[in-house]
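A.B. asks: Dropping in run-v2.pdb, with PDB, C-alpha atoms.
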ATOM      1  CA  MET A   1      -8.973  21.426 -11.833  1.00  0.00           C
ATOM      2  CA  ILE A   2      -7.866  17.859 -11.301  1.00  0.00           C
ATOM      3  CA  ASN A   3      -5.418  16.919  -8.605  1.00  0.00           C
ATOM      4  CA  ILE A   4      -2.917  14.293  -9.807  1.00  0.00           C
ATOM      5  CA  LEU A   5      -0.874  12.306  -7.284  1.00  0.00           C
ATOM      6  CA  LEU A   6       2.345  10.451  -8.065  1.00  0.00           C
ATOM      7  CA  PHE A   7       4.171   7.939  -5.891  1.00  0.00           C
ATOM      8  CA  ALA A   8       7.353   5.897  -5.743  1.00  0.00           C
ATOM      9  CA  HIS A   9       9.379   5.883  -8.973  1.00  0.00           C
ATOM     10  CA  LEU A  10       6.791   8.030 -10.796  1.00  0.00           C
ATOM     11  CA  GLN A  11       7.315  10.808  -8.291  1.00  0.00           C
ATOM     12  CA  GLU A  12      11.078  10.613  -8.748  1.00  0.00           C
ATOM     13  CA  ALA A  13      10.796  10.463 -12.546  1.00  0.00           C
ATOM     14  CA  ILE A  14       9.155  13.879 -12.799  1.00  0.00           C
ATOM     15  CA  GLY A  15      10.424  15.391  -9.547  1.00  0.00           C
ATOM     16  CA  GLN A  16       6.953  16.169  -8.219  1.00  0.00           C
ATOM     17  CA  SER A  17       4.445  14.350  -6.037  1.00  0.00           C
ATOM     18  CA  GLN A  18       1.421  16.374  -7.056  1.00  0.00           C
ATOM     19  CA  LEU A  19       0.148  18.243 -10.113  1.00  0.00           C
ATOM     20  CA  LYS A  20      -2.908  20.413 -10.613  1.00  0.00           C
ATOM     21  CA  VAL A  21      -4.209  20.344 -14.170  1.00  0.00           C
ATOM     22  CA  ASP A  22      -7.138  22.029 -15.848  1.00  0.00           C
ATOM     23  CA  LEU A  23      -8.469  19.043 -17.768  1.00  0.00           C
ATOM     24  CA  SER A  24     -11.947  18.212 -16.515  1.00  0.00           C
ATOM     25  CA  ASP A  25     -14.041  15.470 -18.123  1.00  0.00           C
ATOM     26  CA  TYR A  26     -11.115  13.551 -19.531  1.00  0.00           C
ATOM     27  CA  THR A  27     -11.191   9.812 -19.007  1.00  0.00           C
ATOM     28  CA  VAL A  28      -8.499   8.156 -16.933  1.00  0.00           C
ATOM     29  CA  GLY A  29      -7.091   6.720 -20.174  1.00  0.00           C
ATOM     30  CA  GLN A  30      -6.950  10.156 -21.811  1.00  0.00           C
ATOM     31  CA  LEU A  31      -5.232  11.579 -18.753  1.00  0.00           C
ATOM     32  CA  LYS A  32      -2.625   8.830 -18.966  1.00  0.00           C
ATOM     33  CA  GLU A  33      -1.930   9.838 -22.574  1.00  0.00           C
ATOM     34  CA  TRP A  34      -1.801  13.513 -21.639  1.00  0.00           C
ATOM     35  CA  MET A  35       0.681  12.765 -18.858  1.00  0.00           C
ATOM     36  CA  GLU A  36       2.868  10.706 -21.163  1.00  0.00           C
ATOM     37  CA  ASN A  37       2.930  13.558 -23.673  1.00  0.00           C
ATOM     38  CA  GLN A  38       3.895  16.027 -20.962  1.00  0.00           C
ATOM     39  CA  TYR A  39       6.398  13.660 -19.362  1.00  0.00           C
ATOM     40  CA  PRO A  40       7.812  11.270 -21.976  1.00  0.00           C
ATOM     41  CA  GLN A  41       9.817   9.521 -19.252  1.00  0.00           C
ATOM     42  CA  LEU A  42       6.581   8.064 -17.876  1.00  0.00           C
ATOM     43  CA  SER A  43       4.921   4.875 -19.051  1.00  0.00           C
ATOM     44  CA  LEU A  44       1.408   4.699 -17.675  1.00  0.00           C
ATOM     45  CA  GLN A  45      -0.595   2.496 -20.031  1.00  0.00           C
ATOM     46  CA  ASN A  46      -0.878  -0.476 -17.683  1.00  0.00           C
ATOM     47  CA  MET A  47      -0.613   1.564 -14.507  1.00  0.00           C
ATOM     48  CA  MET A  48      -3.325   1.117 -11.914  1.00  0.00           C
ATOM     49  CA  THR A  49      -5.150   4.304 -11.004  1.00  0.00           C
ATOM     50  CA  ALA A  50      -7.429   5.535  -8.266  1.00  0.00           C
ATOM     51  CA  VAL A  51     -10.003   8.305  -8.487  1.00  0.00           C
ATOM     52  CA  ASN A  52     -10.883   9.823  -5.132  1.00  0.00           C
ATOM     53  CA  GLU A  53      -9.122   6.968  -3.340  1.00  0.00           C
ATOM     54  CA  GLU A  54     -10.972   4.158  -5.104  1.00  0.00           C
ATOM     55  CA  PHE A  55      -9.430   1.980  -7.822  1.00  0.00           C
ATOM     56  CA  ALA A  56     -10.587   3.183 -11.243  1.00  0.00           C
ATOM     57  CA  THR A  57     -10.708   1.906 -14.813  1.00  0.00           C
ATOM     58  CA  ASP A  58      -9.386   3.686 -17.897  1.00  0.00           C
ATOM     59  CA  ASP A  59     -12.888   4.593 -19.121  1.00  0.00           C
ATOM     60  CA  MET A  60     -13.858   6.432 -15.946  1.00  0.00           C
ATOM     61  CA  ILE A  61     -14.410  10.164 -16.418  1.00  0.00           C
ATOM     62  CA  VAL A  62     -12.453  12.424 -14.088  1.00  0.00           C
ATOM     63  CA  LYS A  63     -14.383  15.500 -13.039  1.00  0.00           C
ATOM     64  CA  ASP A  64     -13.460  18.922 -11.766  1.00  0.00           C
ATOM     65  CA  GLY A  65     -12.233  18.646  -8.180  1.00  0.00           C
ATOM     66  CA  ASP A  66     -11.404  14.940  -8.409  1.00  0.00           C
ATOM     67  CA  THR A  67      -8.096  13.457  -7.288  1.00  0.00           C
ATOM     68  CA  LEU A  68      -6.444  11.007  -9.678  1.00  0.00           C
ATOM     69  CA  ALA A  69      -3.616   8.893  -8.293  1.00  0.00           C
ATOM     70  CA  PHE A  70      -1.293   6.676 -10.296  1.00  0.00           C
ATOM     71  CA  ILE A  71      -0.651   3.510  -8.314  1.00  0.00           C
ATOM     72  CA  PRO A  72       2.545   1.672  -9.303  1.00  0.00           C
ATOM     73  CA  PRO A  73       2.728  -2.007  -8.313  1.00  0.00           C
ATOM     74  CA  ILE A  74       2.635  -1.986  -4.555  1.00  0.00           C
ATOM     75  CA  SER A  75       5.122  -3.476  -2.128  1.00  0.00           C
ATOM     76  CA  GLY A  76       3.817  -2.869   1.364  1.00  0.00           C
ATOM     77  CA  GLY A  77       3.664  -5.296   4.234  1.00  0.00           C
TER      78      GLY A  77
ATOM     79  CA  MET B   1      -6.260   8.924  16.992  1.00  0.00           C
ATOM     80  CA  SER B   2      -5.270   6.055  19.267  1.00  0.00           C
ATOM     81  CA  THR B   3      -8.760   4.624  18.919  1.00  0.00           C
ATOM     82  CA  SER B   4      -8.412   4.189  15.164  1.00  0.00           C
ATOM     83  CA  PHE B   5      -8.086   0.540  14.160  1.00  0.00           C
ATOM     84  CA  PHE B   6      -6.122   1.390  11.020  1.00  0.00           C
ATOM     85  CA  GLU B   7      -3.126   3.670  10.981  1.00  0.00           C
ATOM     86  CA  ILE B   8      -0.197   4.797   8.871  1.00  0.00           C
ATOM     87  CA  VAL B   9       2.547   6.119  11.149  1.00  0.00           C
ATOM     88  CA  ASP B  10       6.014   7.560  10.654  1.00  0.00           C
ATOM     89  CA  LYS B  11       7.335   6.498  14.062  1.00  0.00           C
ATOM     90  CA  PRO B  12       8.223   3.068  15.473  1.00  0.00           C
ATOM     91  CA  ILE B  13       5.144   0.883  16.009  1.00  0.00           C
ATOM     92  CA  ASP B  14       4.227  -0.164  19.532  1.00  0.00           C
ATOM     93  CA  VAL B  15       2.992  -3.746  19.115  1.00  0.00           C
ATOM     94  CA  GLU B  16       1.181  -3.675  22.441  1.00  0.00           C
ATOM     95  CA  GLU B  17      -0.863  -0.673  21.351  1.00  0.00           C
ATOM     96  CA  VAL B  18      -2.093  -2.556  18.290  1.00  0.00           C
ATOM     97  CA  ARG B  19      -2.910  -5.630  20.389  1.00  0.00           C
ATOM     98  CA  LYS B  20      -4.961  -3.584  22.846  1.00  0.00           C
ATOM     99  CA  LYS B  21      -7.244  -2.385  20.060  1.00  0.00           C
ATOM    100  CA  VAL B  22      -8.614  -5.875  19.415  1.00  0.00           C
ATOM    101  CA  VAL B  23      -9.022  -6.919  23.032  1.00  0.00           C
ATOM    102  CA  SER B  24     -12.507  -8.305  23.565  1.00  0.00           C
ATOM    103  CA  ARG B  25     -14.185 -10.175  26.386  1.00  0.00           C
ATOM    104  CA  ASN B  26     -15.539 -12.477  23.696  1.00  0.00           C
ATOM    105  CA  ALA B  27     -12.056 -13.345  22.383  1.00  0.00           C
ATOM    106  CA  GLY B  28     -10.272 -16.564  23.174  1.00  0.00           C
ATOM    107  CA  ALA B  29      -7.323 -15.794  20.929  1.00  0.00           C
ATOM    108  CA  ILE B  30      -5.334 -12.898  19.550  1.00  0.00           C
ATOM    109  CA  THR B  31      -2.871 -13.424  16.715  1.00  0.00           C
ATOM    110  CA  ILE B  32      -0.264 -10.796  15.980  1.00  0.00           C
ATOM    111  CA  PHE B  33       1.695 -10.623  12.748  1.00  0.00           C
ATOM    112  CA  ILE B  34       4.827  -8.470  12.799  1.00  0.00           C
ATOM    113  CA  GLY B  35       6.418  -7.696   9.447  1.00  0.00           C
ATOM    114  CA  THR B  36      10.091  -6.743   9.809  1.00  0.00           C
ATOM    115  CA  VAL B  37      12.842  -5.437   7.544  1.00  0.00           C
ATOM    116  CA  ARG B  38      15.011  -8.289   6.279  1.00  0.00           C
ATOM    117  CA  GLU B  39      18.702  -7.859   5.532  1.00  0.00           C
ATOM    118  CA  MET B  40      19.362 -10.538   2.903  1.00  0.00           C
ATOM    119  CA  THR B  41      17.119 -11.180  -0.102  1.00  0.00           C
ATOM    120  CA  LYS B  42      18.375 -13.740  -2.608  1.00  0.00           C
ATOM    121  CA  GLY B  43      21.953 -13.042  -1.633  1.00  0.00           C
ATOM    122  CA  LYS B  44      21.646  -9.285  -1.829  1.00  0.00           C
ATOM    123  CA  ARG B  45      22.224  -7.161   1.246  1.00  0.00           C
ATOM    124  CA  THR B  46      19.688  -4.460   2.075  1.00  0.00           C
ATOM    125  CA  LEU B  47      21.197  -1.502   3.944  1.00  0.00           C
ATOM    126  CA  HIS B  48      17.882   0.090   4.848  1.00  0.00           C
ATOM    127  CA  LEU B  49      14.430   0.735   3.405  1.00  0.00           C
ATOM    128  CA  GLU B  50      12.127   3.607   2.757  1.00  0.00           C
ATOM    129  CA  TYR B  51       8.364   3.079   2.777  1.00  0.00           C
ATOM    130  CA  GLN B  52       5.951   5.500   1.165  1.00  0.00           C
ATOM    131  CA  ALA B  53       2.155   5.382   1.343  1.00  0.00           C
ATOM    132  CA  TYR B  54      -0.874   7.060  -0.137  1.00  0.00           C
ATOM    133  CA  PRO B  55      -2.244   7.400   3.387  1.00  0.00           C
ATOM    134  CA  GLU B  56      -5.867   8.349   2.742  1.00  0.00           C
ATOM    135  CA  MET B  57      -6.366   5.491   0.305  1.00  0.00           C
ATOM    136  CA  ALA B  58      -4.300   3.044   2.376  1.00  0.00           C
ATOM    137  CA  ILE B  59      -6.608   3.586   5.348  1.00  0.00           C
ATOM    138  CA  LYS B  60      -9.627   3.015   3.103  1.00  0.00           C
ATOM    139  CA  MET B  61      -8.094  -0.207   1.836  1.00  0.00           C
ATOM    140  CA  PHE B  62      -7.393  -1.373   5.406  1.00  0.00           C
ATOM    141  CA  GLU B  63     -11.077  -0.747   6.120  1.00  0.00           C
ATOM    142  CA  GLN B  64     -11.973  -2.700   2.999  1.00  0.00           C
ATOM    143  CA  ILE B  65      -9.853  -5.647   4.194  1.00  0.00           C
ATOM    144  CA  SER B  66     -11.534  -5.465   7.590  1.00  0.00           C
ATOM    145  CA  LYS B  67     -14.917  -5.542   5.883  1.00  0.00           C
ATOM    146  CA  GLU B  68     -13.909  -8.619   3.900  1.00  0.00           C
ATOM    147  CA  ILE B  69     -12.762 -10.295   7.119  1.00  0.00           C
ATOM    148  CA  GLN B  70     -16.063  -9.408   8.790  1.00  0.00           C
ATOM    149  CA  GLU B  71     -17.916 -11.071   5.941  1.00  0.00           C
ATOM    150  CA  LYS B  72     -15.844 -14.248   6.167  1.00  0.00           C
ATOM    151  CA  TRP B  73     -15.451 -14.396   9.961  1.00  0.00           C
ATOM    152  CA  PRO B  74     -18.036 -12.108  11.591  1.00  0.00           C
ATOM    153  CA  GLU B  75     -16.578 -12.436  15.084  1.00  0.00           C
ATOM    154  CA  ALA B  76     -13.016 -11.461  14.146  1.00  0.00           C
ATOM    155  CA  ILE B  77     -11.733  -7.999  15.081  1.00  0.00           C
ATOM    156  CA  VAL B  78      -8.745  -6.631  13.168  1.00  0.00           C
ATOM    157  CA  ALA B  79      -6.348  -3.725  13.706  1.00  0.00           C
ATOM    158  CA  ILE B  80      -3.507  -2.788  11.344  1.00  0.00           C
ATOM    159  CA  THR B  81      -0.677  -0.269  11.683  1.00  0.00           C
ATOM    160  CA  HIS B  82       1.872   0.256   8.900  1.00  0.00           C
ATOM    161  CA  ARG B  83       4.954   2.398   9.242  1.00  0.00           C
ATOM    162  CA  VAL B  84       6.361   4.690   6.533  1.00  0.00           C
ATOM    163  CA  GLY B  85       9.619   6.572   6.139  1.00  0.00           C
ATOM    164  CA  HIS B  86      13.150   5.348   6.791  1.00  0.00           C
ATOM    165  CA  LEU B  87      13.395   1.865   8.337  1.00  0.00           C
ATOM    166  CA  GLU B  88      16.510  -0.016   9.431  1.00  0.00           C
ATOM    167  CA  ILE B  89      17.103  -3.770   9.269  1.00  0.00           C
ATOM    168  CA  THR B  90      14.959  -5.571  11.911  1.00  0.00           C
ATOM    169  CA  ASP B  91      12.599  -2.589  12.287  1.00  0.00           C
ATOM    170  CA  ILE B  92       8.884  -3.338  12.341  1.00  0.00           C
ATOM    171  CA  ALA B  93       7.114  -2.271   9.143  1.00  0.00           C
ATOM    172  CA  VAL B  94       3.622  -3.586   9.837  1.00  0.00           C
ATOM    173  CA  VAL B  95       1.640  -5.036  12.729  1.00  0.00           C
ATOM    174  CA  ILE B  96      -1.662  -6.869  12.294  1.00  0.00           C
ATOM    175  CA  ALA B  97      -3.652  -7.960  15.333  1.00  0.00           C
ATOM    176  CA  VAL B  98      -6.752 -10.149  15.068  1.00  0.00           C
ATOM    177  CA  SER B  99      -8.900 -11.375  17.909  1.00  0.00           C
ATOM    178  CA  SER B 100     -11.635 -13.982  17.719  1.00  0.00           C
ATOM    179  CA  PRO B 101     -13.429 -16.404  20.017  1.00  0.00           C
ATOM    180  CA  HIS B 102     -11.259 -19.313  18.799  1.00  0.00           C
ATOM    181  CA  ARG B 103      -7.670 -19.429  17.580  1.00  0.00           C
ATOM    182  CA  LYS B 104      -8.168 -20.919  14.123  1.00  0.00           C
ATOM    183  CA  ILE B 105     -10.088 -17.918  12.833  1.00  0.00           C
ATOM    184  CA  ALA B 106      -7.591 -15.543  14.412  1.00  0.00           C
ATOM    185  CA  TYR B 107      -4.783 -17.258  12.465  1.00  0.00           C
ATOM    186  CA  MET B 108      -6.701 -17.435   9.194  1.00  0.00           C
ATOM    187  CA  ALA B 109      -7.977 -13.877   9.305  1.00  0.00           C
ATOM    188  CA  ASN B 110      -4.516 -12.564  10.132  1.00  0.00           C
ATOM    189  CA  GLU B 111      -2.944 -14.311   7.151  1.00  0.00           C
ATOM    190  CA  TYR B 112      -5.786 -13.117   4.956  1.00  0.00           C
ATOM    191  CA  ALA B 113      -5.077  -9.540   6.069  1.00  0.00           C
ATOM    192  CA  ILE B 114      -1.367  -9.583   5.183  1.00  0.00           C
ATOM    193  CA  ASP B 115      -2.074 -11.258   1.838  1.00  0.00           C
ATOM    194  CA  ARG B 116      -4.612  -8.574   0.969  1.00  0.00           C
ATOM    195  CA  ILE B 117      -2.297  -5.770   2.140  1.00  0.00           C
ATOM    196  CA  LYS B 118       0.204  -6.974  -0.429  1.00  0.00           C
ATOM    197  CA  GLN B 119      -2.503  -6.845  -3.120  1.00  0.00           C
ATOM    198  CA  ILE B 120      -4.542  -3.698  -2.626  1.00  0.00           C
ATOM    199  CA  VAL B 121      -2.989  -1.258  -0.144  1.00  0.00           C
ATOM    200  CA  PRO B 122      -1.048   1.572  -1.835  1.00  0.00           C
ATOM    201  CA  ILE B 123       2.260   1.354   0.015  1.00  0.00           C
ATOM    202  CA  TRP B 124       5.656   1.142  -1.666  1.00  0.00           C
ATOM    203  CA  LYS B 125       9.115   0.262  -0.454  1.00  0.00           C
ATOM    204  CA  LYS B 126      12.413   1.473  -1.779  1.00  0.00           C
ATOM    205  CA  GLU B 127      15.404  -0.778  -1.255  1.00  0.00           C
ATOM    206  CA  TYR B 128      18.782   0.766  -0.552  1.00  0.00           C
ATOM    207  CA  TRP B 129      21.591  -1.617  -1.478  1.00  0.00           C
ATOM    208  CA  GLU B 130      25.353  -1.221  -1.464  1.00  0.00           C
ATOM    209  CA  ASP B 131      25.254  -0.658  -5.229  1.00  0.00           C
ATOM    210  CA  GLY B 132      22.084   1.362  -5.700  1.00  0.00           C
ATOM    211  CA  THR B 133      18.402   1.830  -4.979  1.00  0.00           C
ATOM    212  CA  GLU B 134      15.142   0.614  -6.467  1.00  0.00           C
ATOM    213  CA  TRP B 135      11.438   1.013  -5.796  1.00  0.00           C
ATOM    214  CA  ILE B 136      10.190  -2.551  -5.426  1.00  0.00           C
ATOM    215  CA  GLY B 137       7.003  -3.300  -7.259  1.00  0.00           C
ATOM    216  CA  ASP B 138       5.955  -6.881  -6.919  1.00  0.00           C
ATOM    217  CA  GLN B 139       4.123  -7.917  -3.811  1.00  0.00           C
ATOM    218  CA  LEU B 140       5.035 -11.522  -4.449  1.00  0.00           C
ATOM    219  CA  GLU B 141       8.456 -10.439  -3.128  1.00  0.00           C
ATOM    220  CA  ASN B 142      11.258  -8.309  -4.228  1.00  0.00           C
ATOM    221  CA  VAL B 143      11.103  -8.278  -7.991  1.00  0.00           C
ATOM    222  CA  PRO B 144      12.324  -4.822  -8.910  1.00  0.00           C
ATOM    223  CA  TYR B 145       9.891  -2.780 -10.924  1.00  0.00           C
ATOM    224  CA  PRO B 146      12.031  -1.202 -13.602  1.00  0.00           C
ATOM    225  CA  LYS B 147      11.545   2.454 -14.264  1.00  0.00           C
ATOM    226  CA  ASN B 148       9.375   3.299 -17.257  1.00  0.00           C
ATOM    227  CA  LEU B 149       8.066  -0.177 -17.835  1.00  0.00           C
ATOM    228  CA  PRO B 150       4.391  -1.014 -17.533  1.00  0.00           C
ATOM    229  CA  SER B 151       3.346  -3.133 -14.613  1.00  0.00           C
ATOM    230  CA  GLU B 152       2.383  -6.749 -14.956  1.00  0.00           C
ATOM    231  CA  GLU B 153      -0.384  -7.423 -12.561  1.00  0.00           C
ATOM    232  CA  GLY B 154      -2.227 -10.196 -14.274  1.00  0.00           C
ATOM    233  CA  ASP B 155      -1.097 -12.941 -11.954  1.00  0.00           C
ATOM    234  CA  ARG B 156      -2.345 -11.384  -8.763  1.00  0.00           C
ATOM    235  CA  SER B 157      -5.012 -13.385  -7.105  1.00  0.00           C
TER     236      SER B 157
END
Kindly transcribe the structure held in the file into C-alpha cells.
C.D. replies:
Amino acid sequence: MINILLFAHLQEAIGQSQLKVDLSDYTVGQLKEWMENQYPQLSLQNMMTAVNEEFATDDMIVKDGDTLAFIPPISGG
Amino acid sequence: MSTSFFEIVDKPIDVEEVRKKVVSRNAGAITIFIGTVREMTKGKRTLHLEYQAYPEMAIKMFEQISKEIQEKWPEAIVAITHRVGHLEITDIAVVIAVSSPHRKIAYMANEYAIDRIKQIVPIWKKEYWEDGTEWIGDQLENVPYPKNLPSEEGDRS
C-alpha cells in the first residue's frame, strides 16, 4: 500500500486529504498519471512531489509502505 | 516540545518563546523576523487567511534550512515557528529568531531563512476575500495558483 497525501486546492478538488492505494513499484510519474485517470479534475504533470518527506523526481520508484505527497506551489511565510 | 527549535503550531505564536530558544552567552545579537497577515494586497482586501502545512515535512525542511545556515554561518543559531489554521489580519504567521556573535550575520541568516521558507517549506495559505477564496501558490507573493493548472516553478532561485 502507498499512502498518498493531498494539500491545498488538490485536497479540495477531490474532497480527501489522504488516499491509500495498492500500487507498489510505480514511479512517481506513473502515479501522477494514475491519479489523473482516477480524478480527471487534477492536473499533476508539473506538480512537485515528496516521497517520505523528501522532494522526489518523477522517475523515483514508490515502494510498499511509502508516503507520496503532492506539493502544490507553496505560499508559507 | 518547548525545546524544539522548529515548530508548526495551531495557536498564536509567543515571540518571546522563540527568542529564548536562540539565547546564547556567545551571542551579541538576536534578530527576530515576524511575518504578519496583511489586509491589502494590490488593492484587494483580505478578510482572513487559512494556513495549511504538511507538518512532518515542514519540520524537516526547517531543519534543512538550519543546516544550510550552519554551513554558511557556523555560529548562528536559528529557531522557527510557523502557525497554521485560521488567522486574522495582523496575526503573526511566522517567527524566525537568529542569534550570532555579531549583528550582521544575525540579519543575513534571518533573511536567508525567510527566503528559503518561501521556496522549500510545504505550507500553503488560502486567501478569503469579499468576493471569493483562493489557495495562493507563488511564494514571490500573491499570484493565485489557478485550480487544475500545472505549476510554474522554473524561476525560483
A.B. asks: Please indicate the distance in Å from atom CA of Thr90 of chain B to atom CA of Glu7 of chain B, rounded to one decimal place.
C.D. replies: 20.3 Å
A.B. asks: Taking the file as shown, find all residues satisfying the PyMOL selection byres ((chain B and resi 70) around 12) and write them as number ranges by chain.
C.D. replies: B: 63-69, 71-78, 98-100, 105-106, 109, 112-113
A.B. asks: Which residue is closest to chain B? Choose from A:Leu68, A:Val21, A:Ile4, A:Leu42 and count all atoms listed in the file.
C.D. replies: A:Leu42
A.B. asks: Return the neighbours of chain B among the residues of chain A, cut-off 10 Å, counting all atoms listed in the file, as a PyMOL selection string.
C.D. replies: chain A and resi 5-10+12-13+40-48+50-55+69-77
A.B. asks: Quick check, in Å to one decimal: how far apart do atom CA of Asp58 of chain A and atom CA of Val28 of chain A lie?
C.D. replies: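 Between these atoms lies a distance of 4.7 Å.
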A.B. asks: Using only C-alpha atoms, can you tell me which of B:Glu50, B:Glu39, B:Glu17, B:Glu111 comes closest to Thr133 of chain B?
C.D. replies: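 Of B:Glu50, B:Glu39, B:Glu17, B:Glu111, the one nearest Thr133 of chain B, counting only C-alpha atoms, is B:Glu50.
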A.B. asks: For a test of reading the model, state the distance in Å between atom CA of Ala29 of chain B and atom CA of Met108 of chain B, rounded to one decimal.
C.D. replies: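 Computing it gives 11.9 Å between the two atoms.
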A.B. asks: Taking (-4.9, -9.7, 20.0) in the coordinates of the supplied file, I want to know which residues reach to within 8 Å of it, counting only C-alpha atoms; could you give the answer as a list in words?
C.D. replies: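 Checked against the point, the hits come out as Val18, Arg19, Lys20, Lys21, Val22, Val23, Ala29, Ile30, Thr31, Ile32, Ala97, Val98 and Ser99 of chain B.
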A.B. asks: Using the file's own x, y and z axes, so that the box edges lie along x, y and z, what centre and edge lengths in Å (one decimal) does a box around every listed atom of segment 54-68 of chain A get when 5 Å is added on each side? Give it as AutoDock Vina command-line options.
C.D. replies:
--center_x -10.4 --center_y 10.4 --center_z -12.1 --size_x 18.0 --size_y 27.0 --size_z 24.0
A.B. asks: When the PyMOL selection byres ((chain B and resi 12) around 8) is applied to the structure above, which residues does it catch, written out as a PDB file with C-alpha atoms, keeping the file's coordinate frame?
C.D. replies:
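The resulting file, result32.pdb, is reproduced below:
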ATOM      1  CA  VAL B   9       2.547   6.119  11.149  1.00  0.00           C
ATOM      2  CA  ASP B  10       6.014   7.560  10.654  1.00  0.00           C
ATOM      3  CA  LYS B  11       7.335   6.498  14.062  1.00  0.00           C
ATOM      4  CA  ILE B  13       5.144   0.883  16.009  1.00  0.00           C
ATOM      5  CA  ASP B  14       4.227  -0.164  19.532  1.00  0.00           C
ATOM      6  CA  ARG B  83       4.954   2.398   9.242  1.00  0.00           C
ATOM      7  CA  ASP B  91      12.599  -2.589  12.287  1.00  0.00           C
ATOM      8  CA  ILE B  92       8.884  -3.338  12.341  1.00  0.00           C
TER       9      ILE B  92
END
A.B. asks: Name the residues that the PyMOL selection byres ((chain B and resi 129) around 7) pulls out of this structure, and write them as a PyMOL selection string.
C.D. replies: chain B and resi 45-47+127-128+130-133
